[in-house]
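**Student:** If you scroll down you'll find the structure; I have some questions about it.
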Amino acid sequence: MVDNTAQPVTQSEVTHKRVLHIAVPIVLSNITVPLLGLVDTGVVGQMGQAAPIGAVGVGAVFLGALYWIFGFLRMGTTGLVGQALGAGRMGEVAALFSRALLVAGFAGLALILLQGPLFWAAFQISPASGEVEGMARAYMQIRVWSAPAAIALYGVTGWLIAQERTRAVFVLQIWMNGVNILLDLWFALGLGWGVEGVAFATFLAEWSGLALGLYLCRDVFANPAWRQAARVFDRAALRHMMVVNTDILLRSLMLQAMFLSFLLVGAGFGDVTLAANQVLMQFLHVIAYGLDGFAFAVEALVAQYFGAGLRGAMRRSIKLTSIWAVTVAIAMTVGFALFGGTIIDTLTTAEVVRDVARVYLPYLVICPLLGLGAYMLDGVFIGATATRDMRNMMAVSLGVYLAAVALLVWGLGLGNHGLWLAMLVAFVVRGGTLASRYPALEARMGLGKP
């Protein structure tokens, strides 16, 4: 099929300024993420009852987990769009936008149609009191109607990141959180709608976010390829997109299985240890927030230069983004070492939990440096859409993690120390196995350009 083309990406300069231009807005966007959960909890907390807090928490976690399944749309779109952009295939860039929205639309519609059995299954897996379940169900029955918008935003975000337009991503995040917070206060407290008010606020925030996202991506509609059925439904392109997204989904499910098993094994060490682990898991979220910006930057740059066949520029992109990622990882390690105890005290007032969390804090202190390779190489392989390697190396890492848990936790009797050691081993193995596949990734570029 003939593509309406532009000039392919050339050996344009990769600079520290360019890396920061991509990464900083993502880091700032990530900072706003926890704020929304705090406001939701704070708003329903003003109702003076425990049930509404639990209902919003249960409902948000379950819907978040459902939507997360389609997170592959963000990563896959970034890699595919970046490569098409690098090759100058602007028709494919536009068609990929439409494909992402179509996938999101079908996925969102499926969740709406299947909400009954899905919600039933959720409460079978995690039963709650009748009052909490009733409120949570009401919350989810409202919010699920914005599923197409919430999933489509993964594709919109990936499309923007591929073009280094992360400031637009930041604007989009600020808009959605701002609308959600203001409507939370108005609906739940001002109008007295309670839990349903919080749900309506998120529903409207997600649909308005999609509307803003489409506006921010409005230049795509200048290219007729976005609406050409033959282009959008091209069999080879759809097949490639399906393979890439399926690999990413399987990789992500294995990663979640690792974290879920961590929580389940940790629960066997008693309530206090479980609570301490939960507090320390927040450190992992901070690490992700700090490194995601540079992982996204390397995704966008690698995708473009991989698509253009520019090996030298791709290597420089990896080098510069990694320099900044190492700097941030060192800063977090120092920060956790100096202020980790204070962070723990802020997250919990239970003295016994504080004491136990401090025992295992050293594992989190070194985690940014040990996990750095996994985060950055994930970005490299997403950008190159080398998703089969990501899937396979994640399977290896999961197997090593489970073996480490069996050996360290039960075989050597190290308990929760063994559990955290197994997690660190998994981070190192993820990075190491992906690094071992990097030469094959470059080989896929053919001769390319030096």
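We label chains A, B, ... in the order they appear in the structure tokens, count residues from 1 in each chain, and number ligands from 1 in the order shown.
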Do a neighbour search on stretch 87-99 of chain A at 10 Å with only C-alpha atoms, toss out local chain neighbours closer than 4 positions, and write the hits as a short mmCIF file (atom, residue, chain, number, x, y, z; two decimals) with C-alpha atoms, in the first residue's frame.
**Tutor:**
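Output saved as around-v1.cif:
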data_model
loop_
_atom_site.label_atom_id
_atom_site.label_comp_id
_atom_site.auth_asym_id
_atom_site.auth_seq_id
_atom_site.Cartn_x
_atom_site.Cartn_y
_atom_site.Cartn_z
CA VAL A 2 1.35 3.43 -0.94
CA ASP A 3 2.08 5.58 2.08
CA ASN A 4 1.86 9.35 2.08
CA THR A 5 5.35 10.08 3.32
CA ALA A 6 7.46 12.80 4.82
CA GLN A 7 11.21 12.90 5.10
CA PRO A 8 12.46 10.13 7.41
CA VAL A 9 14.09 11.12 10.67
CA THR A 10 17.74 12.00 10.06
CA THR A 77 1.26 2.70 20.36
CA THR A 78 4.40 4.54 21.40
CA LEU A 80 4.68 1.59 16.55
CA VAL A 81 4.01 5.30 16.02
CA GLY A 82 7.60 6.26 16.81
CA GLN A 83 8.94 3.80 14.25
CA VAL A 103 -9.32 -1.05 20.00
CA ALA A 104 -10.23 1.15 22.96
CA GLY A 105 -13.81 1.52 21.77
CA ALA A 152 -8.66 5.35 24.65
CA GLY A 155 -3.65 5.18 23.03
CA VAL A 156 -3.77 8.99 22.94
CA GLY A 158 1.18 6.69 23.63
CA TRP A 159 0.65 8.57 20.37
CA LEU A 160 1.74 11.85 21.96
CA ALA A 162 6.00 8.82 20.44
CA GLN A 163 6.21 12.35 19.02
CA CYS A 217 -3.97 15.40 18.64
CA ASP A 219 -3.18 17.59 13.62
CA VAL A 220 -3.72 13.88 12.90
CA PHE A 221 -7.05 14.70 11.27
CA ALA A 222 -5.29 16.74 8.59
CA ASN A 223 -3.95 13.47 7.18
CA PRO A 224 -6.75 11.61 5.32
CA ALA A 225 -5.20 8.24 6.25
CA TRP A 226 -6.89 8.35 9.68
CA ARG A 227 -10.29 7.74 8.04
CA GLN A 228 -9.30 5.52 5.11
CA ALA A 229 -10.74 2.09 5.85
CA ALA A 230 -8.24 0.30 3.61
CA ARG A 231 -5.39 1.92 5.52
CA VAL A 232 -6.79 1.57 9.04
CA PHE A 233 -7.85 -2.07 8.54
CA ASP A 234 -4.73 -3.14 6.65
CA ALA A 237 -0.53 -3.74 10.07
CA LEU A 238 -3.35 -5.05 12.26
CA MET A 241 -0.20 -4.47 16.14
CA ALA A 303 11.37 4.10 18.30
CA GLN A 304 12.16 6.98 15.94
CA TYR A 305 15.78 6.04 15.31
CA PHE A 306 15.01 2.34 15.09
CA GLY A 307 12.38 3.13 12.46
CA ALA A 308 14.89 5.29 10.58
CA GLY A 309 17.65 2.67 10.87
#
**Student:** Tell me, in Å to one decimal, how far atom CA of A:Thr166 is from atom CA of A:Ala23.
**Tutor:**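 Separation between atom CA of A:Thr166 and atom CA of A:Ala23: 7.5 Å.
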**Student:** Leaving out A:Arg251 and any residue of its chain fewer than 6 positions from it, which residues lie within 12 Å of it when counting only C-alpha atoms, given as an MDAnalysis selection string?
**Tutor:** chainID A and resid 69 71:72 75 244:245 257:258 378 382 386:398 430
**Student:** Output the selection as a compact mmCIF listing (two decimals), in the first residue's frame - C-alpha atoms for each residue.
**Tutor:**
# COMPACT_ATOMS: atom_id res chain seq x y z
CA ILE A 69 -5.21 -4.87 31.32
CA GLY A 71 -2.26 -0.62 29.29
CA PHE A 72 -0.50 -2.38 26.42
CA MET A 75 3.28 1.09 25.20
CA VAL A 244 3.05 -6.46 19.71
CA ASN A 245 0.16 -5.73 22.07
CA ALA A 257 1.77 -12.03 39.04
CA MET A 258 5.18 -11.38 40.58
CA ASP A 378 11.94 -1.99 29.04
CA ILE A 382 9.20 -1.09 23.73
CA ALA A 386 11.04 -6.13 20.39
CA THR A 387 8.13 -7.35 22.46
CA ARG A 388 8.79 -11.07 22.02
CA ASP A 389 12.09 -10.61 23.84
CA MET A 390 10.31 -8.61 26.57
CA ARG A 391 7.75 -11.38 26.99
CA ASN A 392 10.31 -14.19 27.03
CA MET A 393 12.76 -12.44 29.37
CA MET A 394 9.90 -11.61 31.74
CA ALA A 395 9.02 -15.30 31.81
CA VAL A 396 12.62 -16.12 32.71
CA SER A 397 12.63 -13.43 35.40
CA LEU A 398 9.37 -14.69 36.89
CA ARG A 430 15.00 -8.56 34.24
**Student:** Could you give me, as a tab-separated table, every stretch 237-323 of chain A residue with an atom at most 8 Å from stretch 359-377 of chain A, plus its closest atom pair and distance in Å to one decimal, counting only C-alpha atoms, rows ordered by chain then number?
**Tutor:**
residue	atom	partner	partner_atom	distance
A:Leu280	CA	A:Leu361	CA	7.2
A:Phe283	CA	A:Leu364	CA	6.8
A:Leu284	CA	A:Leu364	CA	7.6
A:Ile287	CA	A:Pro368	CA	6.2
A:Leu291	CA	A:Tyr375	CA	7.1
A:Asp292	CA	A:Tyr375	CA	7.5
A:Phe294	CA	A:Met376	CA	7.4
A:Ala295	CA	A:Met376	CA	5.0
A:Val298	CA	A:Met376	CA	7.4
A:Ser322	CA	A:Met376	CA	7.1
**Student:** Can you pull out every residue within 8 Å of stretch 170-175 of chain A, counting only C-alpha atoms, but drop anything in the same chain fewer than 5 positions away, and send it as JSON, numbers by chain?
**Tutor:** {"A": [25, 26, 28, 29, 32, 209, 212, 213]}
**Student:** Quick check, in Å to one decimal: how far apart do atom CA of A:Met254 and atom CA of A:Gly399 lie?
**Tutor:**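 Taking atom CA of A:Met254 and atom CA of A:Gly399, their separation equals 9.9 Å.
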**Student:** Stretch 180-187 of chain A: which residues within 9 Å, counting only C-alpha atoms, same-chain residues fewer than 4 positions away excluded, as a list in words?
**Tutor:**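 After dropping sequence-adjacent residues, the list is Leu36, Val39, Asp40, Val43, Trp175, Met176, Leu191, Gly192, Trp193, Gly194, Glu196, Gly197, Val198, Ala199, Phe200, Ala201, Thr202, Phe203, Leu204, Ala205 and Glu206 of chain A.
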**Student:** For N, CA and C atoms, I'd like the residues from the last selection saved as an mmCIF file, in the first residue's frame.
**Tutor:**
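The new file part_30.cif reads:
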data_model
loop_
_atom_site.group_PDB
_atom_site.id
_atom_site.type_symbol
_atom_site.label_atom_id
_atom_site.label_comp_id
_atom_site.auth_asym_id
_atom_site.auth_seq_id
_atom_site.Cartn_x
_atom_site.Cartn_y
_atom_site.Cartn_z
ATOM 1 N N LEU A 36 -5.024 12.529 43.318
ATOM 2 C CA LEU A 36 -6.430 12.241 43.061
ATOM 3 C C LEU A 36 -6.972 11.220 44.052
ATOM 4 N N VAL A 39 -7.614 12.892 47.357
ATOM 5 C CA VAL A 39 -8.819 13.730 47.362
ATOM 6 C C VAL A 39 -10.075 12.873 47.407
ATOM 7 N N ASP A 40 -10.114 11.807 46.598
ATOM 8 C CA ASP A 40 -11.269 10.897 46.624
ATOM 9 C C ASP A 40 -11.516 10.378 48.035
ATOM 10 N N VAL A 43 -12.642 13.253 50.398
ATOM 11 C CA VAL A 43 -14.019 13.697 50.164
ATOM 12 C C VAL A 43 -15.012 12.733 50.800
ATOM 13 N N TRP A 175 -5.484 18.540 33.568
ATOM 14 C CA TRP A 175 -6.894 18.806 33.275
ATOM 15 C C TRP A 175 -7.794 17.754 33.917
ATOM 16 N N MET A 176 -7.477 16.487 33.681
ATOM 17 C CA MET A 176 -8.330 15.419 34.199
ATOM 18 C C MET A 176 -8.375 15.413 35.718
ATOM 19 N N LEU A 191 -23.478 18.856 46.606
ATOM 20 C CA LEU A 191 -24.809 18.360 46.264
ATOM 21 C C LEU A 191 -25.226 17.163 47.105
ATOM 22 N N GLY A 192 -24.312 16.637 47.906
ATOM 23 C CA GLY A 192 -24.637 15.532 48.792
ATOM 24 C C GLY A 192 -24.864 14.204 48.089
ATOM 25 N N TRP A 193 -24.214 13.983 46.938
ATOM 26 C CA TRP A 193 -24.411 12.746 46.187
ATOM 27 C C TRP A 193 -23.548 11.596 46.697
ATOM 28 N N GLY A 194 -22.633 11.877 47.592
ATOM 29 C CA GLY A 194 -21.828 10.835 48.207
ATOM 30 C C GLY A 194 -20.994 10.036 47.228
ATOM 31 N N GLU A 196 -21.830 8.087 44.771
ATOM 32 C CA GLU A 196 -22.234 8.265 43.378
ATOM 33 C C GLU A 196 -21.660 9.553 42.803
ATOM 34 N N GLY A 197 -21.549 10.589 43.640
ATOM 35 C CA GLY A 197 -20.976 11.846 43.184
ATOM 36 C C GLY A 197 -19.525 11.705 42.790
ATOM 37 N N VAL A 198 -18.779 10.933 43.584
ATOM 38 C CA VAL A 198 -17.368 10.681 43.254
ATOM 39 C C VAL A 198 -17.268 9.932 41.927
ATOM 40 N N ALA A 199 -18.163 8.971 41.710
ATOM 41 C CA ALA A 199 -18.156 8.205 40.462
ATOM 42 C C ALA A 199 -18.487 9.091 39.269
ATOM 43 N N PHE A 200 -19.516 9.946 39.402
ATOM 44 C CA PHE A 200 -19.875 10.845 38.308
ATOM 45 C C PHE A 200 -18.734 11.813 37.996
ATOM 46 N N ALA A 201 -18.020 12.248 39.030
ATOM 47 C CA ALA A 201 -16.892 13.159 38.822
ATOM 48 C C ALA A 201 -15.824 12.497 37.954
ATOM 49 N N THR A 202 -15.498 11.247 38.259
ATOM 50 C CA THR A 202 -14.480 10.537 37.474
ATOM 51 C C THR A 202 -14.991 10.253 36.065
ATOM 52 N N PHE A 203 -16.257 9.880 35.949
ATOM 53 C CA PHE A 203 -16.871 9.641 34.637
ATOM 54 C C PHE A 203 -16.722 10.857 33.730
ATOM 55 N N LEU A 204 -17.077 12.018 34.236
ATOM 56 C CA LEU A 204 -16.993 13.235 33.433
ATOM 57 C C LEU A 204 -15.550 13.643 33.178
ATOM 58 N N ALA A 205 -14.682 13.431 34.159
ATOM 59 C CA ALA A 205 -13.271 13.781 33.977
ATOM 60 C C ALA A 205 -12.647 12.949 32.872
ATOM 61 N N GLU A 206 -12.988 11.661 32.809
ATOM 62 C CA GLU A 206 -12.398 10.793 31.786
ATOM 63 C C GLU A 206 -12.908 11.128 30.392
#
**Student:** Determine the nearest neighbour of A:Ala384 from the options A:Gly86, A:Gly116, A:Gly64, A:Gly266, counting only C-alpha atoms.
**Tutor:** A:Gly86
